[in-house]
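> The structure's right below; bear with me while I get my questions together.
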Amino acid sequence: MRVLVLGSGVVGVTSAWYLAQAGHEVTVLDRQPGAGMETSFANAGQVSPGYSAPWAGPGIPIKAMKWLMMRYRPLVLWPQAKGGLYPWLARMLANCTEAAYANNKARMVRIAEYSRDALLALRAETGIQYDQRTQGTLQLFRTQKQLDAVQADVAVLRKSGVAHEVLDVAGCIAAEPALARVSQKFVGGLRLPGDETGDAFLFTQRLAEMAAARGVVFRQGVSIQAIEQEGGEVTGVVTDQGRFTADRYVVALGSHSTALLRPLAVSIPVYPVKGYSLTLPVRDADAAPVSTVMDETYKIAVTRLGDRIRVGGTAELAGFSLKLRKPRRETLEHTLTDLFPDAGNPAEAQFWTGLRPMTPDGTPIVGPTRYRNLFLNTGHGTLGWTMACGSGRLLADLVSARAPEIAHNDLALTRYAPA
């Protein structure tokens, strides 16, 4: 079939790759001049199935109020008259129960673990390189209360068969030797040895090149204006460079999927949660992380990417604003200098922001819609890089009417009502 993929971020490109592998004639449209230029460009760098968890959980409303009052805030909320923030927040709060958290985390881990396996297979097949490391990730706890609370996550990890280790201070230092310099600042951690790290932008660019070599057509610099429909199916996509048609259509536009789908009466609860990052050169390799360290207090990840360090995190609810705000930079710099004071010079860092497409329950939307030839692959939140290969492979199976390798009905849009 002829398949038109809208979006060339990491999710769109992996979708295109697996669709082409399935034998389809694939074209990708995107407004940017190259692949991976928006949310995939400078994310935290984690491929972290074991750390996959929804933001909505028991106790989050109270924690959120505390986060909003912190000097180095993990959460920032800007009041908005429009944009759908408050209905989205209401749906998120409805997921802040123990039962919802366990259910949402279990399906997130399912697609994330599947994605990690798909990434391993892709790497073995193609030899793709993207500053990857396979040395696990470490969630670092500064207080005993945080360490005690991890048992709920451990129960889900154990049920899902995910390798994990709860570590004391010495165990954390054994995993990340540079932390010996600040051992008094934490009490323990949760290590996920099966997790990986890597540069999502490099991966996306290089996979796009490989896909193009296998026949995928990338039309970059094309602004998508509308999706046309008639009689229960999509009939074309209108752009500033003409009209494109196909047999099947895939929307993988992250946060921008919501507005494009609204005229079709396809309602998806995806909101842009703004994240920030710093990227800087390593100054002292012995003082830098060997993989990813996630600071649980400030929700900041410090990741080693080759000879660079990526510091990523914060959640700012500010609509589609891409303004770089100085206080967010200060939060990122604080975690870096507090945990890895000699690793690099923050003054040399590139400061970046991107919009994470977040659903209220944290789980992506992958699958069909009310239109027989329109499919979705969006809503991955902070885990687009983690879930990209698995989501792309699942999407290709669904488009191809093949039986997927994992349970998938609870990842579809039908879990929300009305669809």
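Starting from 1 in every chain, residues are counted up; chains themselves are A, B, ... following the order of the structure tokens, and ligands are numbered from 1 as listed.
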Which residues of stretch 88-171 of chain A come within 6 Å of stretch 367-390 of chain A, and for each one, what is the closest pair of atoms and their distance in Å to one decimal, counting only C-alpha atoms, sorted by chain and residue number, as JSON lines?

{"residue": "A:Ala112", "atom": "CA", "partner": "A:Met387", "partner_atom": "CA", "distance": 5.0}
{"residue": "A:Tyr114", "atom": "CA", "partner": "A:Gly390", "partner_atom": "CA", "distance": 5.5}
{"residue": "A:Ser115", "atom": "CA", "partner": "A:Gly390", "partner_atom": "CA", "distance": 3.5}
{"residue": "A:Ala118", "atom": "CA", "partner": "A:Cys389", "partner_atom": "CA", "distance": 5.8}
{"residue": "A:Leu119", "atom": "CA", "partner": "A:Cys389", "partner_atom": "CA", "distance": 5.8}
> Show which residues sit within 10 Å of stretch 311-317 of chain A, as an MDAnalysis selection string. Count only C-alpha atoms, and ignore same-chain residues fewer than 4 positions away.
chainID A and resid 42:46 72:80 85 271:280 292:295 298:304 321 328:329 331:333 335:336 349 351:353 355:356 382
> Can you list, as a PyMOL selection string, all residues belonging to stretch 44-285 of chain A that DSSP tags as alpha helix (DSSP H)?
chain A and resi 60-69+85-94+98-126+144-149+151-160+169-175+200-213+257-261
> If you measure from atom CA of A:Leu6 to atom CA of A:Ser257, what distance in Å do you get, rounded to one decimal?
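Taking atom CA of A:Leu6 as the start and atom CA of A:Ser257 as the end point, the length is 9.1 Å.
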> Compile the contact shell of stretch 22-25 of chain A as an NGL selection string: residues with an atom at most 7 Å away, counting only C-alpha atoms, same-chain residues fewer than 6 positions apart removed.
:A and (1-3 or 216)
> So which one's closest to A:Gly254, A:Val217, A:Met358, A:Val13, A:Leu138? Using only C-alpha atoms, please.
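Of all the options, A:Met358 lies closest to A:Gly254.
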> Counting only C-alpha atoms, which residue out of A:Leu4, A:Leu167, A:Ala412, A:Leu322 sits closest to A:Val234?
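With only C-alpha atoms as the atom set, the closest residue is A:Leu4.
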